[in-house]
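Asks: Below you'll find the structure I mean.
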Amino acid sequence: MMIVMPLRISVAIALLVSAGLASPVFAQQAPEGATGRTAKSAAIATKHMAAAANPLASEAGRRILRAGGSAVDAAVAIQLVLNLVEPQSSGIGGGAFIVHWSAAEKKLTTFDGRETAPAAAKPDRFLGADGKPQRFMEAVVGGKSVDVPGTLRVLEMAHKAYGKLPWATLFEPAIELAENGFAMPARLHNLLKTETNLGRFEPARSYFYEADGTPRAIGTTMVNKPFANVLRLVARRGADAFYTGEIARDIVAAVRDAPVNAGDLTESDLANYRPREREAVCGPYRVWVVCGMGPPSSGALTVLQILGMLGAFDMAALKPGSAEAVHLIAEAGRLAYADRGVYMADADFVKVPVRGLIDPAYLQGRSRLIAPGKALPGEPPYREGRLWGVDDSLELPSTSHISVIDAAGNALSMTTTIEDGFGARLMLHGFLLNNELTDFAFTPVDDGKPVVNRVEAGKRPRSSMAPTLVFDRQGKLVMTVGSPGGSAIINYVAKTLIGVLDWGLDIQQAIDLPNVGSRGGATELEKGTEAEALKAPLEALGHQVRVLDFTSGLQGIVVTSRGLVGGADPRREGVALGD
């Protein structure tokens with residue numbers, strides 16, 4: 001569903017303005033304490049900008065924008081290149097969520113390209129003979145974890161609505177790279193060094209590894225002619241060339257004849273897949289309105305819950321790296337993730353209380369549980385009247401994110417994934433298949449109550465992907481942002497929004513901030529950053545603290561008085577490029 005934004009935004013923000021809150025101010029310098037892992041400068045442009053997880057992908061997006069393409073056009077080109085240079089994270093074998101702003105129409109549209117479970121899938125899919133859930137990696141590798149891919153269908157849907165250049169033109173950058181070759185990225189090489197399953201199966205073994213089993217060296221020219229052939233076919237015939245015919249038959253064969261964990265995907269599952277337009281989830285945060293993807297994504301709902309609870313506190317008065325700030329962010333996260341684990345799933349299958357979860361009165365009540373000087377004891381409380389069991393599903397930190405603003409002011413935030421790094425480890429025609437079925441809960445019933453995110457035929461697994469757009473009080477675009485990172489995506493995006501909107505950081509400075517928060521349990525601090533020094537002060541407040549590696553992959557663009565300011569996460573290879 002398309003949402004006409006100005007009235008909704010103006011009403012929401014008028015309520016905030018009446019409370020006497022100030023206008024946004026974007027600082028040029030980072031306040032004391034705002035630091036990141038490595039130095040990366042913000043990109044500045046006056047016309048258009050694309051930000052993605054690899055320089056070749058960002059350059060493909062800028063190439064399309066320079067040719068007069070729209071934000072959607074650029075995103076299509078970026079995604080296809082990412083399939084080559086970051087195959088472990090996303091591609092045509094996976095799915096995506098797109099949040100799009102049409103400047104001329106003043107309309108927000110969200111496109112759901114999340115994968116769907118095969119018709120044969122049942123709730124007990126990942127239970128062993130003893131009735132206990134399988135270990136995660138036992139379920140991931142092979143055909144049983146493969147959902148019906150959604151990426152090409154959703155890109156085609158978005159292009160038909162908001163594309164400017166011909167569909168085939170958008171495939172040219174990726175076809176050129178696949179045919180002529182590109183240098184093995186350092187990040188892909190390093191991930192291959194620790195990957196233990198991909199090299200077990202052909203053709204992935206021959207493509208990614210040398211004959212002795214070592215990953216191809218950084219800088220090695222990688223040529224992927226099978227993928228170029230797929231791209232030419234889809235460029236000419238559209239997404240039908242992927243979902244029917246030879247490619248579809250080969251996908252089904254790869255899943256059903258997998259060397260381990262044979263699956264049950266059918267040609268009918270592929271042919272019947274349809275992306276969806278869904279109503280965006282929007283909510284006020286001080287003088288802004290933050291919008292994102294609704295269920296089956298839990299991203300926007302949980303981000304808005306965190307922000308809604310923090311709205312009761314003067315975050316701007318706190319230093320970005322302070323224990324006081326992290327305490328509040330973590331406590332809000334504990335409460336929000338508690339609701340996420342119980343209520344959020346595919347709204348086509350279960351009734352998700354979307355408006356109730358972000359209702360201001362409800363969030364005010366939740367925020368009153370947060371004490372400035374003391375952590376919540378024990379398990380975070382759920383909303384009263386819980387009918388559902390607690391979810392045990394995992395989301396691991398793979399995935400990729402794309403942010404684009406074009407010359408006409410159209411904006412796109414797109415998060416895209418094949419789930420775990422290298423997906424199901426099954427490769428064909430130059431691309432990897434997803435393992436999205438393991439985003440469902442392995443245990444379908446908890447304490448006699450059904451789990452909302454249990455496996456069901458045709459259902460989309462819950463996601464934490466949080467592609468986000470922010471608007472000001474007049475309904476004008478302020479920001480596009482998002483990140484990969486599994487269930488931690490929500491905290492990455494919330495941190496960045498707080499950095500820009502509360503602390504006045506530019507987008508690069510906000511992305512650079514150490515990753516912190518809670519996913520319903522312990523308070524988590526990013527290893528190797530200044531955040532580690534907060535462990536003792538937070539424990540003194542009653543927090544259980546864990547120090548972890550948090551490899552976020554944020555990309556964002558902010559509209560400012562000096563033009564477009566873009567940032568890309570220093571923890572990965574991404575860049576923002578514009579003119």
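The way I read the labels, and the way they are meant: chains A, B, ... in the order of the structure tokens, residue 1 as the first residue of every chain, and ligand 1 as the first ligand shown, with later ones counted on from there.
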What are the nearest atom pairs, with distances in Å to one decimal, for all residues of region 253-355 of chain A that come at most 12 Å from region 158-175 of chain A, using only C-alpha atoms, set out by chain and rising residue number as JSON lines?
Replies:
```
{"residue": "A:Pro275", "atom": "CA", "partner": "A:Ala158", "partner_atom": "CA", "distance": 9.8}
{"residue": "A:Arg276", "atom": "CA", "partner": "A:Ala158", "partner_atom": "CA", "distance": 10.3}
{"residue": "A:Glu277", "atom": "CA", "partner": "A:Ala158", "partner_atom": "CA", "distance": 9.4}
```
Asks: Give me every helix (DSSP H, G or I) residue in region 16-155 of chain A, going by DSSP on the backbone, as JSON, numbers by chain.
Replies: {"A": [16, 17, 55, 56, 57, 58, 59, 60, 61, 62, 63, 64, 65, 66, 71, 72, 73, 74, 75, 76, 77, 78, 79, 80, 81, 82, 83, 84, 85, 136, 137, 138, 139, 140, 151, 152, 153, 154, 155]}
Asks: Pick the closest to Val478 (chain A) from A:Val146, A:Val287, A:Ile490, A:Ala300: which is it, counting only C-alpha atoms?
Replies: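 Of A:Val146, A:Val287, A:Ile490, A:Ala300, the one nearest Val478 (chain A) is A:Val287, counting only C-alpha atoms.
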Asks: Just to confirm, what's the straight-line distance from CA of Asp549 (chain A) to CA of Asn515 (chain A) in Å (one decimal)?
Replies: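 Straight-line distance from CA of Asp549 (chain A) to CA of Asn515 (chain A) works out to 9.1 Å.
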Asks: Record the distance separating CA of Arg334 (chain A) and CA of Leu541 (chain A), expressed in Å with one decimal.
Replies: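 Between CA of Arg334 (chain A) and CA of Leu541 (chain A) the gap works out to 14.9 Å.
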Asks: Write out as a list in words each polymer residue whose atoms come within 8 Å of Arg425 (chain A), counting only C-alpha atoms; drop sequence neighbours fewer than 6 positions from it.
Replies: Val141, Gly142, Asn197, Leu198, Phe201, Ala204, Leu432 and Leu433 of chain A
Asks: One decimal, in Å: what's the spacing between CA of Ala241 (chain A) and CA of Glu436 (chain A)?
Replies: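 Those two atoms sit 22.1 Å apart.
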Asks: Could you tell me, as a ChimeraX atom specification, which residues of region 223-468 of chain A DSSP assigns to strand (DSSP E or B) when given the backbone?
Replies: /A:276-278,281-285,288-292,297,371,374,400-405,411-417,427-428,431-432,441,445-446,449-450,454,463,468
Asks: Write a file of the just-selected residues containing N, CA and C atoms, as a short mmCIF file (atom, residue, chain, number, x, y, z; two decimals), in the first residue's frame.
Replies:
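Okay, this is what ended up in part-v2.cif:
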```cif
data_model
loop_
_atom_site.label_atom_id
_atom_site.label_comp_id
_atom_site.auth_asym_id
_atom_site.auth_seq_id
_atom_site.Cartn_x
_atom_site.Cartn_y
_atom_site.Cartn_z
N ARG A 276 5.25 -8.12 -2.25
CA ARG A 276 4.08 -7.39 -1.76
C ARG A 276 4.42 -5.91 -1.52
N GLU A 277 3.47 -5.06 -1.83
CA GLU A 277 3.52 -3.70 -1.30
C GLU A 277 2.82 -3.73 0.05
N ARG A 278 3.46 -3.16 1.07
CA ARG A 278 2.88 -3.17 2.41
C ARG A 278 2.86 -1.77 2.99
N VAL A 281 5.61 1.34 8.42
CA VAL A 281 5.46 1.59 9.85
C VAL A 281 6.19 2.90 10.14
N CYS A 282 5.44 3.91 10.61
CA CYS A 282 5.99 5.23 10.89
C CYS A 282 5.65 5.65 12.32
N GLY A 283 6.55 6.39 12.92
CA GLY A 283 6.31 6.89 14.25
C GLY A 283 7.12 8.13 14.53
N PRO A 284 6.65 8.99 15.45
CA PRO A 284 7.37 10.22 15.75
C PRO A 284 8.55 9.97 16.69
N TYR A 285 9.61 10.71 16.45
CA TYR A 285 10.71 10.79 17.40
C TYR A 285 11.12 12.25 17.52
N TRP A 288 10.90 14.62 14.47
CA TRP A 288 11.01 13.88 13.22
C TRP A 288 9.96 12.77 13.16
N VAL A 289 9.81 12.20 11.97
CA VAL A 289 9.03 10.98 11.81
C VAL A 289 9.94 9.94 11.16
N VAL A 290 10.03 8.80 11.79
CA VAL A 290 10.90 7.72 11.36
C VAL A 290 10.02 6.64 10.74
N CYS A 291 10.38 6.19 9.53
CA CYS A 291 9.56 5.22 8.80
C CYS A 291 10.40 4.04 8.33
N GLY A 292 9.76 2.87 8.32
CA GLY A 292 10.46 1.68 7.85
C GLY A 292 9.49 0.60 7.44
N SER A 297 9.06 -7.84 8.69
CA SER A 297 10.23 -7.28 9.35
C SER A 297 9.85 -6.80 10.75
N ALA A 371 14.88 3.07 34.83
CA ALA A 371 15.38 3.96 35.88
C ALA A 371 16.73 4.50 35.45
N LYS A 374 19.64 2.61 37.42
CA LYS A 374 19.55 1.21 37.82
C LYS A 374 18.99 0.37 36.68
N SER A 400 23.32 -7.13 3.58
CA SER A 400 23.94 -5.92 3.04
C SER A 400 22.90 -4.82 2.99
N HIS A 401 23.37 -3.58 2.87
CA HIS A 401 22.44 -2.46 2.82
C HIS A 401 22.82 -1.46 1.73
N ILE A 402 21.79 -0.85 1.14
CA ILE A 402 21.94 0.13 0.06
C ILE A 402 21.14 1.37 0.41
N SER A 403 21.76 2.54 0.31
CA SER A 403 21.06 3.82 0.47
C SER A 403 21.31 4.67 -0.78
N VAL A 404 20.25 5.26 -1.33
CA VAL A 404 20.37 6.07 -2.54
C VAL A 404 19.45 7.28 -2.45
N ILE A 405 19.94 8.43 -2.89
CA ILE A 405 19.08 9.61 -3.15
C ILE A 405 19.44 10.10 -4.55
N ALA A 411 14.27 8.85 -2.76
CA ALA A 411 15.19 8.18 -1.85
C ALA A 411 14.81 6.72 -1.69
N LEU A 412 15.82 5.91 -1.43
CA LEU A 412 15.61 4.48 -1.25
C LEU A 412 16.49 3.98 -0.13
N SER A 413 15.91 3.13 0.71
CA SER A 413 16.65 2.40 1.72
C SER A 413 16.30 0.93 1.52
N MET A 414 17.31 0.13 1.23
CA MET A 414 17.07 -1.28 0.87
C MET A 414 18.05 -2.17 1.63
N THR A 415 17.52 -3.11 2.37
CA THR A 415 18.35 -4.11 3.04
C THR A 415 18.08 -5.46 2.40
N THR A 416 19.15 -6.18 2.09
CA THR A 416 19.08 -7.35 1.23
C THR A 416 19.95 -8.47 1.79
N THR A 417 19.53 -9.72 1.61
CA THR A 417 20.21 -10.80 2.34
C THR A 417 20.05 -12.16 1.68
N MET A 427 25.59 -23.37 -4.62
CA MET A 427 25.82 -22.41 -5.70
C MET A 427 25.41 -23.02 -7.03
N LEU A 428 24.78 -22.22 -7.85
CA LEU A 428 24.47 -22.61 -9.23
C LEU A 428 24.38 -21.37 -10.08
N PHE A 431 25.50 -17.93 -8.61
CA PHE A 431 24.96 -17.27 -7.41
C PHE A 431 24.66 -18.31 -6.34
N LEU A 432 24.61 -17.83 -5.10
CA LEU A 432 24.36 -18.68 -3.94
C LEU A 432 22.89 -18.65 -3.54
N ALA A 441 11.51 -19.77 13.81
CA ALA A 441 11.77 -20.43 15.09
C ALA A 441 11.88 -21.94 14.87
N VAL A 445 6.36 -24.56 19.32
CA VAL A 445 5.47 -24.37 20.47
C VAL A 445 6.32 -24.15 21.71
N ASP A 446 5.95 -23.16 22.51
CA ASP A 446 6.66 -22.86 23.75
C ASP A 446 5.67 -22.84 24.90
N LYS A 449 2.12 -22.90 24.00
CA LYS A 449 1.62 -21.81 23.18
C LYS A 449 2.35 -21.78 21.84
N PRO A 450 1.63 -21.54 20.73
CA PRO A 450 2.30 -21.48 19.43
C PRO A 450 3.23 -20.27 19.36
N ARG A 454 6.86 -19.44 13.82
CA ARG A 454 7.10 -20.84 13.49
C ARG A 454 7.00 -21.03 11.97
N SER A 463 12.20 -10.95 10.16
CA SER A 463 13.52 -10.38 9.90
C SER A 463 13.76 -9.20 10.83
N THR A 468 15.44 2.33 6.63
CA THR A 468 14.78 3.43 7.34
C THR A 468 14.89 4.74 6.57
#
```
Asks: Please provide as an NGL selection string all residues within 8 Å of region 153-157 of chain A, with the sequence filter that same-chain residues fewer than 3 positions apart are discarded (counting only C-alpha atoms).
Replies: :A and (72 or 76 or 96 or 111-113 or 150 or 160-161 or 238-239 or 274-276)
Asks: Those residues you just picked out, can you put them in a file as a short mmCIF file (atom, residue, chain, number, x, y, z; two decimals), in the first residue's frame with N, CA and C atoms?
Replies:
```
data_model
loop_
_atom_site.label_atom_id
_atom_site.label_comp_id
_atom_site.auth_asym_id
_atom_site.auth_seq_id
_atom_site.Cartn_x
_atom_site.Cartn_y
_atom_site.Cartn_z
N VAL A 72 15.66 3.86 -7.59
CA VAL A 72 15.39 2.44 -7.78
C VAL A 72 16.31 1.86 -8.85
N VAL A 76 18.94 -1.36 -8.29
CA VAL A 76 18.97 -2.59 -9.08
C VAL A 76 20.40 -2.89 -9.51
N ALA A 96 14.81 -9.22 -0.11
CA ALA A 96 15.11 -7.84 0.26
C ALA A 96 13.85 -7.09 0.68
N PHE A 111 8.24 -2.12 -0.28
CA PHE A 111 8.15 -3.34 -1.09
C PHE A 111 8.74 -4.50 -0.31
N ASP A 112 7.98 -5.55 -0.15
CA ASP A 112 8.38 -6.74 0.60
C ASP A 112 8.82 -7.81 -0.38
N GLY A 113 10.14 -8.03 -0.46
CA GLY A 113 10.68 -9.10 -1.28
C GLY A 113 11.27 -10.21 -0.43
N GLY A 150 13.30 -13.90 -3.36
CA GLY A 150 12.41 -12.80 -3.70
C GLY A 150 13.06 -11.60 -4.34
N LYS A 160 9.19 -1.21 -12.05
CA LYS A 160 7.97 -0.90 -12.81
C LYS A 160 7.26 0.32 -12.24
N ALA A 161 7.37 0.50 -10.92
CA ALA A 161 6.71 1.64 -10.28
C ALA A 161 7.53 2.92 -10.37
N GLY A 238 13.05 -10.37 -18.24
CA GLY A 238 12.49 -10.00 -16.96
C GLY A 238 12.65 -11.12 -15.94
N ALA A 239 12.09 -10.91 -14.75
CA ALA A 239 12.26 -11.87 -13.66
C ALA A 239 11.65 -13.24 -13.97
N ARG A 274 5.30 -14.07 -5.18
CA ARG A 274 4.93 -12.68 -5.47
C ARG A 274 5.44 -11.76 -4.35
N PRO A 275 6.10 -10.67 -4.71
CA PRO A 275 6.43 -9.66 -3.70
C PRO A 275 5.17 -8.91 -3.30
N ARG A 276 5.25 -8.12 -2.25
CA ARG A 276 4.08 -7.39 -1.76
C ARG A 276 4.42 -5.91 -1.52
#
```
